[in-house]
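Peer 1: What follows is protein_11.cif; its format and atoms are mmCIF, C-alpha atoms and all ligand atoms.
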```cif
data_upload
loop_
_atom_site.label_atom_id
_atom_site.label_comp_id
_atom_site.auth_asym_id
_atom_site.auth_seq_id
_atom_site.Cartn_x
_atom_site.Cartn_y
_atom_site.Cartn_z
CA MET M 18 -11.89 -17.59 -3.26
CA GLU M 19 -11.37 -15.20 -6.14
CA ARG M 20 -9.47 -11.98 -5.56
CA LEU M 21 -11.55 -8.86 -5.15
CA LEU M 22 -9.72 -6.20 -7.18
CA PRO M 23 -10.03 -2.47 -6.47
CA PHE M 24 -10.80 -1.46 -10.06
CA ARG M 25 -11.80 -2.53 -13.55
CA PHE M 26 -11.60 -0.68 -16.84
CA ASP M 27 -14.44 -0.47 -19.35
CA GLU M 28 -12.50 0.49 -22.45
CA GLU M 29 -15.50 0.89 -24.73
CA GLU M 30 -17.35 3.24 -22.41
CA GLY M 31 -14.20 5.04 -21.24
CA VAL M 32 -15.02 4.37 -17.60
CA PHE M 33 -12.62 3.25 -14.88
CA TRP M 34 -14.68 1.68 -12.11
CA LEU M 35 -13.37 1.96 -8.55
CA LEU M 36 -14.55 -0.25 -5.72
CA ASP M 37 -15.32 2.30 -2.99
CA GLN M 38 -12.96 1.20 -0.20
CA ARG M 39 -14.55 3.69 2.22
CA ARG M 40 -17.70 1.57 2.23
CA LEU M 41 -16.08 -1.85 2.69
CA PRO M 42 -16.63 -4.30 4.24
CA GLN M 43 -20.29 -3.40 4.78
CA GLU M 44 -21.12 -2.54 1.17
CA GLU M 45 -19.65 -3.29 -2.25
CA VAL M 46 -20.23 -0.08 -4.18
CA TRP M 47 -18.58 0.65 -7.55
CA VAL M 48 -17.90 4.28 -8.48
CA PRO M 49 -17.55 5.31 -12.15
CA VAL M 50 -14.58 7.58 -12.94
CA ARG M 51 -14.61 9.32 -16.35
CA THR M 52 -11.96 12.05 -16.10
CA ALA M 53 -8.53 12.63 -14.60
CA GLN M 54 -10.08 15.31 -12.43
CA GLU M 55 -12.54 12.77 -10.97
CA MET M 56 -9.68 10.31 -10.53
CA ALA M 57 -7.58 12.82 -8.57
CA GLN M 58 -10.54 13.49 -6.29
CA ALA M 59 -11.19 9.75 -5.81
CA ILE M 60 -7.55 9.17 -4.84
CA ARG M 61 -7.56 12.13 -2.42
CA ASP M 62 -10.84 10.90 -0.86
CA MET M 63 -9.44 7.36 -0.58
CA VAL M 64 -12.10 5.69 -2.71
CA VAL M 65 -8.98 3.86 -3.93
CA ARG M 66 -5.89 3.66 -1.71
CA GLY M 67 -2.71 1.63 -1.24
CA ALA M 68 0.52 2.59 -3.01
CA PRO M 69 0.45 0.31 -6.08
CA ALA M 70 -3.33 0.75 -6.55
CA ILE M 71 -3.09 4.54 -6.65
CA GLY M 72 -0.21 4.24 -9.13
CA VAL M 73 -2.31 2.15 -11.55
CA SER M 74 -5.34 4.41 -10.98
CA ALA M 75 -3.31 7.54 -11.77
CA ALA M 76 -2.00 5.92 -14.97
CA PHE M 77 -5.57 5.16 -16.06
CA GLY M 78 -6.48 8.71 -14.98
CA MET M 79 -4.17 9.91 -17.76
CA VAL M 80 -5.85 7.50 -20.21
CA LEU M 81 -9.22 9.01 -19.23
CA ALA M 82 -7.78 12.50 -19.72
CA HIS M 83 -7.01 11.56 -23.33
CA MET M 84 -10.46 10.05 -23.85
CA ALA M 85 -12.28 12.99 -22.24
CA GLY M 86 -10.19 15.62 -24.04
CA GLU M 87 -8.86 17.21 -20.83
CA ASP M 88 -5.78 19.41 -20.73
CA LEU M 89 -3.04 16.79 -20.23
CA GLU M 90 -0.62 18.99 -18.25
CA GLU M 91 -3.45 20.02 -15.94
CA ALA M 92 -4.56 16.39 -15.56
CA ASP M 93 -1.00 15.35 -14.67
CA ARG M 94 -0.74 18.22 -12.16
CA LEU M 95 -4.05 17.36 -10.46
CA LEU M 96 -3.11 13.70 -10.15
CA ARG M 97 0.34 14.54 -8.73
CA GLN M 98 -1.33 16.68 -6.07
CA SER M 99 -3.78 13.99 -4.97
CA ARG M 100 -1.59 12.24 -2.35
CA PRO M 101 2.06 12.99 -1.54
CA THR M 102 3.69 9.99 0.16
CA ALA M 103 3.46 6.86 -2.03
CA VAL M 104 6.07 7.18 -4.77
CA ASN M 105 4.15 4.77 -7.04
CA LEU M 106 1.81 7.61 -8.02
CA PHE M 107 4.70 9.74 -9.32
CA HIS M 108 6.46 6.77 -10.86
CA ALA M 109 3.27 5.88 -12.79
CA LEU M 110 2.73 9.47 -13.97
CA ASP M 111 6.38 9.75 -15.07
CA ARG M 112 5.83 6.66 -17.21
CA MET M 113 2.73 8.17 -18.81
CA ARG M 114 4.39 11.46 -19.84
CA PRO M 115 6.13 10.17 -23.01
CA HIS M 116 2.68 9.11 -24.28
CA PHE M 117 1.05 12.53 -23.97
CA GLY M 118 -1.20 13.10 -26.98
CA ASP M 119 -1.20 9.41 -27.94
CA LEU M 120 -4.28 7.62 -26.62
CA LYS M 121 -3.22 4.19 -27.88
CA GLY M 122 0.29 4.49 -26.41
CA SER M 123 -1.02 5.78 -23.12
CA LEU M 124 -3.54 2.94 -22.85
CA GLU M 125 -0.82 0.37 -23.60
CA GLU M 126 1.45 1.91 -20.96
CA ALA M 127 -1.29 1.91 -18.30
CA LYS M 128 -2.12 -1.72 -19.08
CA ALA M 129 1.57 -2.65 -18.98
CA LEU M 130 1.91 -0.99 -15.57
CA TRP M 131 -1.05 -2.97 -14.22
CA ARG M 132 0.39 -6.20 -15.67
CA GLU M 133 3.73 -5.47 -13.98
CA VAL M 134 1.96 -5.00 -10.65
CA GLU M 135 0.50 -8.49 -11.08
CA GLU M 136 3.81 -10.06 -12.09
CA THR M 137 6.00 -8.42 -9.45
CA GLU M 138 3.52 -9.24 -6.70
CA ARG M 139 3.40 -12.91 -7.60
CA ALA M 140 7.16 -12.96 -7.13
CA ILE M 141 7.01 -10.88 -3.91
CA SER M 142 4.41 -13.28 -2.48
CA GLN M 143 6.53 -16.33 -3.31
CA HIS M 144 9.73 -14.87 -1.87
CA GLY M 145 8.02 -13.43 1.21
CA ALA M 146 6.27 -16.73 2.03
CA LYS M 147 9.67 -18.38 2.57
CA VAL M 148 10.52 -16.24 5.61
CA LEU M 149 7.12 -16.38 7.34
CA LYS M 150 5.95 -19.03 9.73
CA GLY M 151 3.66 -19.55 12.69
CA GLN M 152 1.88 -16.42 13.84
CA VAL M 153 2.40 -13.27 11.81
CA LEU M 154 1.39 -9.71 12.60
CA THR M 155 0.62 -7.11 9.93
CA HIS M 156 -0.42 -3.47 9.78
CA CYS M 157 -2.68 -1.53 7.41
CA ASN M 158 -3.87 -3.20 4.21
CA THR M 159 -1.48 -4.57 1.61
CA GLY M 160 -3.62 -7.15 -0.15
CA PRO M 161 -5.10 -7.15 -3.68
CA LEU M 162 -7.37 -4.25 -2.67
CA ALA M 163 -4.30 -2.08 -2.02
CA THR M 164 -2.54 -2.98 -5.24
CA GLY M 165 -4.71 -4.33 -8.05
CA GLY M 166 -2.49 -7.43 -8.11
CA TRP M 167 -1.79 -10.15 -5.55
CA GLY M 168 -0.72 -7.91 -2.69
CA THR M 169 2.69 -7.29 -1.15
CA ALA M 170 2.97 -8.06 2.59
CA LEU M 171 -0.48 -9.64 2.63
CA GLY M 172 0.28 -11.45 -0.63
CA ALA M 173 3.23 -13.10 1.14
CA ILE M 174 1.06 -13.97 4.15
CA LEU M 175 -1.66 -15.48 1.94
CA GLU M 176 0.93 -17.54 0.05
CA ALA M 177 2.61 -18.68 3.29
CA HIS M 178 -0.79 -19.78 4.58
CA ARG M 179 -1.46 -21.69 1.34
CA GLN M 180 1.86 -23.46 1.87
CA GLY M 181 0.93 -24.34 5.46
CA ARG M 182 3.68 -22.16 6.94
CA VAL M 183 1.53 -19.48 8.57
CA CYS M 184 -1.23 -20.66 10.87
CA HIS M 185 -2.61 -17.40 12.23
CA VAL M 186 -2.51 -13.65 11.50
CA TRP M 187 -2.78 -10.80 14.00
CA VAL M 188 -4.43 -7.87 12.22
CA ASP M 189 -3.68 -4.38 13.56
CA GLU M 190 -6.87 -2.34 13.27
CA THR M 191 -4.76 0.59 11.95
CA ARG M 192 -6.25 3.67 13.53
CA PRO M 193 -7.45 6.14 12.52
CA TYR M 194 -8.57 5.00 9.07
CA LEU M 195 -9.05 1.34 10.05
CA GLN M 196 -7.60 -0.23 6.89
CA GLY M 197 -6.71 -3.30 8.99
CA ALA M 198 -10.11 -3.77 10.64
CA ARG M 199 -12.10 -3.04 7.50
CA LEU M 200 -9.97 -4.31 4.61
CA THR M 201 -7.27 -6.74 5.80
CA ALA M 202 -9.76 -8.56 8.03
CA PHE M 203 -12.13 -8.74 5.04
CA GLU M 204 -9.47 -10.10 2.67
CA LEU M 205 -8.22 -12.69 5.19
CA MET M 206 -11.74 -13.83 5.92
CA ARG M 207 -12.53 -14.23 2.21
CA ALA M 208 -9.32 -16.25 1.83
CA GLY M 209 -10.20 -18.47 4.82
CA VAL M 210 -7.06 -17.59 6.79
CA PRO M 211 -7.39 -17.84 10.59
CA ALA M 212 -6.89 -14.29 11.86
CA THR M 213 -7.70 -12.09 14.84
CA LEU M 214 -8.22 -8.35 14.97
CA ILE M 215 -6.33 -6.36 17.61
CA ALA M 216 -6.25 -2.67 18.51
CA ASP M 217 -2.92 -1.11 17.54
CA ASN M 218 -1.79 -0.78 21.15
CA MET M 219 -1.96 -4.56 21.77
CA ALA M 220 1.02 -5.65 19.67
CA GLY M 221 3.53 -5.22 22.53
CA PHE M 222 1.43 -7.39 24.82
CA LEU M 223 1.37 -10.22 22.27
CA MET M 224 5.09 -9.94 21.52
CA GLN M 225 5.94 -10.05 25.22
CA ARG M 226 3.96 -13.29 25.50
CA GLY M 227 5.73 -14.91 22.54
CA GLN M 228 2.66 -14.92 20.31
CA VAL M 229 4.21 -13.18 17.30
CA ASP M 230 6.81 -15.02 15.16
CA ALA M 231 7.26 -12.32 12.50
CA VAL M 232 5.96 -8.93 11.42
CA ILE M 233 5.53 -7.99 7.76
CA VAL M 234 4.29 -4.67 6.39
CA GLY M 235 4.03 -2.84 3.06
CA VAL M 236 5.83 0.29 1.90
CA ASP M 237 4.71 3.60 0.42
CA ARG M 238 8.18 4.93 -0.34
CA MET M 239 11.63 3.55 0.43
CA ALA M 240 14.91 5.50 0.33
CA LEU M 241 18.12 3.98 -1.05
CA ASN M 242 19.38 3.10 2.45
CA GLY M 243 16.23 1.08 3.25
CA ASP M 244 14.47 3.69 5.44
CA PHE M 245 10.82 3.59 4.47
CA ALA M 246 7.49 5.31 4.90
CA ASN M 247 4.44 3.21 5.60
CA LYS M 248 1.13 3.66 7.39
CA ILE M 249 1.36 5.53 10.69
CA GLY M 250 2.11 3.03 13.47
CA THR M 251 4.65 1.03 11.46
CA TYR M 252 7.61 2.67 13.23
CA ALA M 253 6.24 1.79 16.68
CA LEU M 254 5.77 -1.83 15.56
CA ALA M 255 9.35 -1.95 14.22
CA VAL M 256 10.76 -0.70 17.53
CA LEU M 257 8.68 -3.24 19.45
CA ALA M 258 9.73 -6.11 17.17
CA HIS M 259 13.38 -5.08 17.51
CA HIS M 260 13.10 -4.99 21.30
CA HIS M 261 11.61 -8.48 21.37
CA GLY M 262 14.00 -9.97 18.79
CA ILE M 263 11.16 -10.67 16.34
CA PRO M 264 11.95 -10.64 12.57
CA PHE M 265 10.52 -7.56 10.87
CA TYR M 266 10.09 -7.45 7.06
CA ALA M 267 8.99 -4.82 4.58
CA ALA M 268 7.56 -6.07 1.26
CA LEU M 269 7.52 -3.89 -1.85
CA PRO M 270 7.96 -3.78 -5.60
CA LEU M 271 11.29 -2.12 -6.48
CA SER M 272 9.24 0.64 -8.13
CA SER M 273 8.40 1.79 -4.57
CA VAL M 274 12.05 2.75 -4.05
CA ASP M 275 12.70 6.44 -4.68
CA PRO M 276 16.21 6.51 -6.20
CA ARG M 277 16.47 10.28 -5.56
CA LEU M 278 16.44 9.78 -1.78
CA GLU M 279 19.52 8.59 0.10
CA THR M 280 17.66 8.40 3.44
CA GLY M 281 14.09 8.49 4.68
CA GLN M 282 14.41 12.08 5.89
CA GLY M 283 13.19 13.58 2.63
CA ILE M 284 10.01 11.50 2.35
CA PRO M 285 6.97 13.81 2.36
CA ILE M 286 4.47 12.78 5.00
CA GLU M 287 0.81 13.30 4.21
CA GLU M 288 -1.26 15.05 6.87
CA ARG M 289 -4.92 14.18 6.71
CA PRO M 290 -7.92 15.93 8.28
CA PRO M 291 -8.02 15.82 12.11
CA GLU M 292 -11.67 14.74 11.85
CA GLU M 293 -10.40 11.31 10.80
CA VAL M 294 -8.99 11.07 14.37
CA THR M 295 -11.81 12.77 16.31
CA HIS M 296 -14.48 10.79 14.48
CA VAL M 297 -14.85 7.10 13.65
CA ARG M 298 -16.87 6.65 10.47
CA GLY M 299 -18.66 9.94 11.07
CA LEU M 300 -19.33 9.41 14.80
CA PRO M 301 -17.59 11.82 17.20
CA ILE M 302 -15.42 10.18 19.89
CA ALA M 303 -13.80 13.34 21.37
CA PRO M 304 -15.25 16.53 22.88
CA PRO M 305 -16.53 18.82 20.10
CA GLY M 306 -13.75 21.08 18.79
CA PHE M 307 -10.95 19.18 20.55
CA PRO M 308 -7.70 19.47 18.53
CA ALA M 309 -6.32 16.36 16.84
CA TYR M 310 -3.29 15.60 14.69
CA HIS M 311 -3.22 13.13 11.81
CA PRO M 312 0.08 12.32 10.12
CA ALA M 313 -0.94 9.43 7.85
CA PHE M 314 2.52 7.82 7.54
CA ASP M 315 5.72 7.46 9.54
CA VAL M 316 9.30 6.62 8.57
CA THR M 317 10.96 3.47 9.90
CA PRO M 318 14.78 3.53 9.98
CA HIS M 319 16.37 0.65 8.05
CA ARG M 320 18.22 -0.64 11.12
CA PHE M 321 14.96 -2.14 12.40
CA LEU M 322 14.50 -4.24 9.27
CA THR M 323 15.47 -7.91 9.15
CA GLY M 324 14.96 -8.08 5.39
CA ILE M 325 13.31 -6.39 2.42
CA VAL M 326 11.07 -8.61 0.30
CA THR M 327 11.16 -7.61 -3.38
CA GLU M 328 10.29 -9.24 -6.70
CA LYS M 329 14.00 -10.03 -7.09
CA GLY M 330 14.19 -11.90 -3.78
CA ILE M 331 14.87 -10.95 -0.19
CA LEU M 332 17.46 -8.25 0.44
CA TYR M 333 19.54 -8.31 3.62
CA PRO M 334 21.86 -5.70 5.17
CA PRO M 335 23.76 -3.71 4.14
CA PHE M 336 20.57 -2.48 2.46
CA ASP M 337 22.11 0.43 0.56
CA GLU M 338 24.33 -1.99 -1.38
CA ALA M 339 21.60 -4.58 -1.81
CA LEU M 340 19.08 -2.01 -3.06
CA ARG M 341 21.56 -0.43 -5.48
CA ASP M 342 22.36 -3.91 -6.84
CA ALA M 343 18.68 -4.79 -7.22
CA LEU M 344 18.00 -1.49 -8.99
CA GLY M 345 21.08 -1.79 -11.18
CA LEU M 346 22.41 1.54 -9.89
CA HIS M 347 26.12 0.73 -9.64
O1 LIG M 401 -3.35 5.50 3.31
P1 LIG M 401 -3.32 4.20 2.56
O2 LIG M 401 -4.43 3.28 2.90
O3 LIG M 401 -3.16 4.43 1.06
O4 LIG M 401 -1.97 3.52 3.05
C1 LIG M 401 -1.60 2.26 2.57
C2 LIG M 401 -0.37 1.74 3.19
O5 LIG M 401 0.26 2.35 4.02
C3 LIG M 401 0.14 0.41 2.68
O6 LIG M 401 0.81 -0.28 3.68
C4 LIG M 401 1.10 0.69 1.52
O7 LIG M 401 0.50 1.50 0.56
C5 LIG M 401 1.60 -0.54 0.89
S1 LIG M 401 0.29 -1.25 -0.12
C6 LIG M 401 0.86 -2.66 -0.80
#
```
Turn the structure described in the file into C-alpha cells.

Peer 2:
Amino acid sequence: MERLLPFRFDEEEGVFWLLDQRRLPQEEVWVPVRTAQEMAQAIRDMVVRGAPAIGVSAAFGMVLAHMAGEDLEEADRLLRQSRPTAVNLFHALDRMRPHFGDLKGSLEEAKALWREVEETERAISQHGAKVLKGQVLTHCNTGPLATGGWGTALGAILEAHRQGRVCHVWVDETRPYLQGARLTAFELMRAGVPATLIADNMAGFLMQRGQVDAVIVGVDRMALNGDFANKIGTYALAVLAHHHGIPFYAALPLSSVDPRLETGQGIPIEERPPEEVTHVRGLPIAPPGFPAYHPAFDVTPHRFLTGIVTEKGILYPPFDEALRDALGLH
C-alpha cells in the first residue's frame, strides 16, 4: 500500500495542499494553503500535525510568504507562534532565515528539508526495526502522516512487521485528540499490520499480563540528556514499562534534539483548549461548563529509556555522551 502523505506542493500554482488530519479517517479532504498566515493557522488548528510534518509545513510556509509577497519577518513570527513544543518547527524556520528575499533559495531549502525527512526516517525505520519484536505498543501518531516521510516510531514498527519481527501492535487511542484511534489505526490498517486499539488506561493491564514486548514512541523535543517531550500520556507509559521491565524506546531524527537544553525542564509545554477534553469531536461528554485541563505534551525523564533510535543508529546510556557524539558537539 502506498504511503498517504500529509501534504503536496503545487509549485506552479503556489499552493501547498494539506490533508486535513482533523477529518481522517472518515474523510480525505485536501485544504489549499496560499500564504504563511494561512499556514500558521493550519498548524495551530492541527490540519497538519506531528513534529517533522509541521517543520516541513513551516518551511513551505516561508516559501509561500515569498510567492505571496507577505512581510517575511511577520510570516516568520506568525509561524513561530503557531505551536510551541516541537522543536522541528523552529529548526525549520532557522534554516529558512538565510534565504529571506530569495524565492529560489528558499524553495530549494524547503525541498532539501523535506528530502532529509525522507532520508533520515528510512534510516530510523531500519535501525528501530532491529530492536522490536513480538507485540509492540505505541502512543499518538508517528507515521508518514506525522512526518511527510516514512515515520519515526511507526516507521520502525512498519519495517519490523515487513521483516516478520513484529506480529501485532497495540494502539493507544491517545486522548484527548485521538491521534492513535484516528490516524495510527488508519495507517496500520492501510499497511495490513495486525493491530488492536486500546483506551490509554489499558496499557498497564496488558503489560501485567505479559502481552507487550516493547514500547516505542516519537519525540517532539529532546534535551541533551535524553529527557524528551512527547504526546501527553507518554510519561505514564514510560513509568509503566519501567515497572514491568519492558524495553521502552524513543525514535527521532537528530534534528528533534534541542542543543540549547541540558535537561527536559526547559521544554515549553503547549496547553490546548479545555473543550478538546470536555468534548469528543464536537460532542459534549462532561456537564456543561465543567472545568478541564489540557496539557498536550509531557516530559519523560531519560532514565526510563532503554534506547534512543536515531538516523545514526540506536543510542544507549549514558545518553548525554551518546547524544553529544551523534550531534558532533564535543
Ligand atoms: O499534537 P501532535 O499530534 O502534533 O503530537 C504529535 C506527537 O506527539 C508525535 O508523537 C511526535 O510529533 C512525533 S511525530 C514523528

Peer 1: With all atoms listed in the file as the counted atoms, please give the residues lying no more than 8 Å from Pro334 of chain M, apart from itself and same-chain residues fewer than 4 positions off, as a ChimeraX atom specification.

Peer 2: /M:323-324,338-339

Peer 1: Using atom CA of Arg112 of chain M and atom CA of Ala129 of chain M as the two end points, give the distance in Å to one decimal.

Peer 2: 10.4 Å

Peer 1: Point out the residue among M:Ala267, M:Ala127, M:Ala146, M:Ala68 with the least atom-to-atom distance to ligand LIG 401 (chain M), counting only C-alpha atoms and all ligand atoms.

Peer 2: M:Ala68

Peer 1: Can you work out which one of M:Gln143, M:Thr164, M:Thr317, M:Gln98 has the shortest atom-to-atom distance to Gly330 of chain M, counting only C-alpha atoms?

Peer 2: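 For Gly330 of chain M, the nearest of the candidates is M:Gln143.
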
Peer 1: Calculate, to one decimal in Å, the centre and edge lengths of the box along x, y and z of the file that holds all listed atoms of ligand LIG 401 (chain M) with 6 Å of margin on each side, and present them as JSON.

Peer 2:
```
{"center_x": -1.4, "center_y": 1.4, "center_z": 1.6, "size_x": 18.0, "size_y": 20.2, "size_z": 16.8}
```

Peer 1: Which residues sit within 9 Å of ligand LIG 401 (chain M), counting all atoms listed in the file, listed as an mmCIF file with C-alpha atoms, keeping the file's coordinate frame?

Peer 2:
```cif
data_model
loop_
_atom_site.group_PDB
_atom_site.id
_atom_site.type_symbol
_atom_site.label_atom_id
_atom_site.label_comp_id
_atom_site.auth_asym_id
_atom_site.auth_seq_id
_atom_site.Cartn_x
_atom_site.Cartn_y
_atom_site.Cartn_z
ATOM 1 C CA ILE M 60 -7.550 9.170 -4.840
ATOM 2 C CA MET M 63 -9.440 7.360 -0.580
ATOM 3 C CA VAL M 65 -8.980 3.860 -3.930
ATOM 4 C CA ARG M 66 -5.890 3.660 -1.710
ATOM 5 C CA GLY M 67 -2.710 1.630 -1.240
ATOM 6 C CA ALA M 68 0.520 2.590 -3.010
ATOM 7 C CA PRO M 69 0.450 0.310 -6.080
ATOM 8 C CA ALA M 70 -3.330 0.750 -6.550
ATOM 9 C CA ILE M 71 -3.090 4.540 -6.650
ATOM 10 C CA ARG M 100 -1.590 12.240 -2.350
ATOM 11 C CA THR M 102 3.690 9.990 0.160
ATOM 12 C CA ALA M 103 3.460 6.860 -2.030
ATOM 13 C CA HIS M 156 -0.420 -3.470 9.780
ATOM 14 C CA CYS M 157 -2.680 -1.530 7.410
ATOM 15 C CA ASN M 158 -3.870 -3.200 4.210
ATOM 16 C CA THR M 159 -1.480 -4.570 1.610
ATOM 17 C CA GLY M 160 -3.620 -7.150 -0.150
ATOM 18 C CA PRO M 161 -5.100 -7.150 -3.680
ATOM 19 C CA LEU M 162 -7.370 -4.250 -2.670
ATOM 20 C CA ALA M 163 -4.300 -2.080 -2.020
ATOM 21 C CA THR M 164 -2.540 -2.980 -5.240
ATOM 22 C CA GLY M 168 -0.720 -7.910 -2.690
ATOM 23 C CA THR M 169 2.690 -7.290 -1.150
ATOM 24 C CA ALA M 170 2.970 -8.060 2.590
ATOM 25 C CA LEU M 171 -0.480 -9.640 2.630
ATOM 26 C CA GLY M 172 0.280 -11.450 -0.630
ATOM 27 C CA TYR M 194 -8.570 5.000 9.070
ATOM 28 C CA LEU M 195 -9.050 1.340 10.050
ATOM 29 C CA GLN M 196 -7.600 -0.230 6.890
ATOM 30 C CA VAL M 234 4.290 -4.670 6.390
ATOM 31 C CA GLY M 235 4.030 -2.840 3.060
ATOM 32 C CA VAL M 236 5.830 0.290 1.900
ATOM 33 C CA ASP M 237 4.710 3.600 0.420
ATOM 34 C CA ARG M 238 8.180 4.930 -0.340
ATOM 35 C CA ALA M 246 7.490 5.310 4.900
ATOM 36 C CA ASN M 247 4.440 3.210 5.600
ATOM 37 C CA LYS M 248 1.130 3.660 7.390
ATOM 38 C CA ILE M 249 1.360 5.530 10.690
ATOM 39 C CA THR M 251 4.650 1.030 11.460
ATOM 40 C CA ALA M 268 7.560 -6.070 1.260
ATOM 41 C CA LEU M 269 7.520 -3.890 -1.850
ATOM 42 C CA PRO M 270 7.960 -3.780 -5.600
ATOM 43 C CA GLU M 287 0.810 13.300 4.210
ATOM 44 C CA ALA M 313 -0.940 9.430 7.850
ATOM 45 C CA PHE M 314 2.520 7.820 7.540
#
```

Peer 1: Tell me which protein, DNA and RNA residues are within 7 Å of Gly250 of chain M, counting only C-alpha atoms, leaving out same-chain ones fewer than 3 positions away, and put them as a ChimeraX atom specification.

Peer 2: /M:253-254,315

Peer 1: Identify, on the basis of only C-alpha atoms, every residue whose closest approach to segment 296-302 of chain M does not exceed 9 Å; exclude the query and any residue fewer than 2 positions from it along the same chain; express the result as a PyMOL selection string.

Peer 2: chain M and resi 193-195+291-294+304-305

Peer 1: Please produce a file of the residues just selected, as an mmCIF file, keeping the file's coordinate frame, where the atoms kept are C-alpha atoms.

Peer 2:
```
data_model
loop_
_atom_site.group_PDB
_atom_site.id
_atom_site.type_symbol
_atom_site.label_atom_id
_atom_site.label_comp_id
_atom_site.auth_asym_id
_atom_site.auth_seq_id
_atom_site.Cartn_x
_atom_site.Cartn_y
_atom_site.Cartn_z
ATOM 1 C CA PRO M 193 -7.450 6.140 12.520
ATOM 2 C CA TYR M 194 -8.570 5.000 9.070
ATOM 3 C CA LEU M 195 -9.050 1.340 10.050
ATOM 4 C CA PRO M 291 -8.020 15.820 12.110
ATOM 5 C CA GLU M 292 -11.670 14.740 11.850
ATOM 6 C CA GLU M 293 -10.400 11.310 10.800
ATOM 7 C CA VAL M 294 -8.990 11.070 14.370
ATOM 8 C CA PRO M 304 -15.250 16.530 22.880
ATOM 9 C CA PRO M 305 -16.530 18.820 20.100
#
```

Peer 1: What lies within 6 Å of segment 35-47 of chain M using only C-alpha atoms, ignoring chain neighbours under 3 positions off, as a ChimeraX atom specification?

Peer 2: /M:23-24,64,199

Peer 1: Under the rule that only C-alpha atoms are counted, which of M:His185, M:Arg132, M:His83, M:His261 is the nearest residue to Leu120 of chain M?

Peer 2: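 When distances to Leu120 of chain M are compared using only C-alpha atoms, the smallest one comes from M:His83.
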
Peer 1: In terms of the shortest atom-to-atom distance over only C-alpha atoms, which of M:Phe117, M:Trp167, M:Trp131, M:Phe321 is closest to Val232 of chain M?

Peer 2: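 Checking each of M:Phe117, M:Trp167, M:Trp131, M:Phe321 against Val232 of chain M, counting only C-alpha atoms, the winner is M:Phe321.
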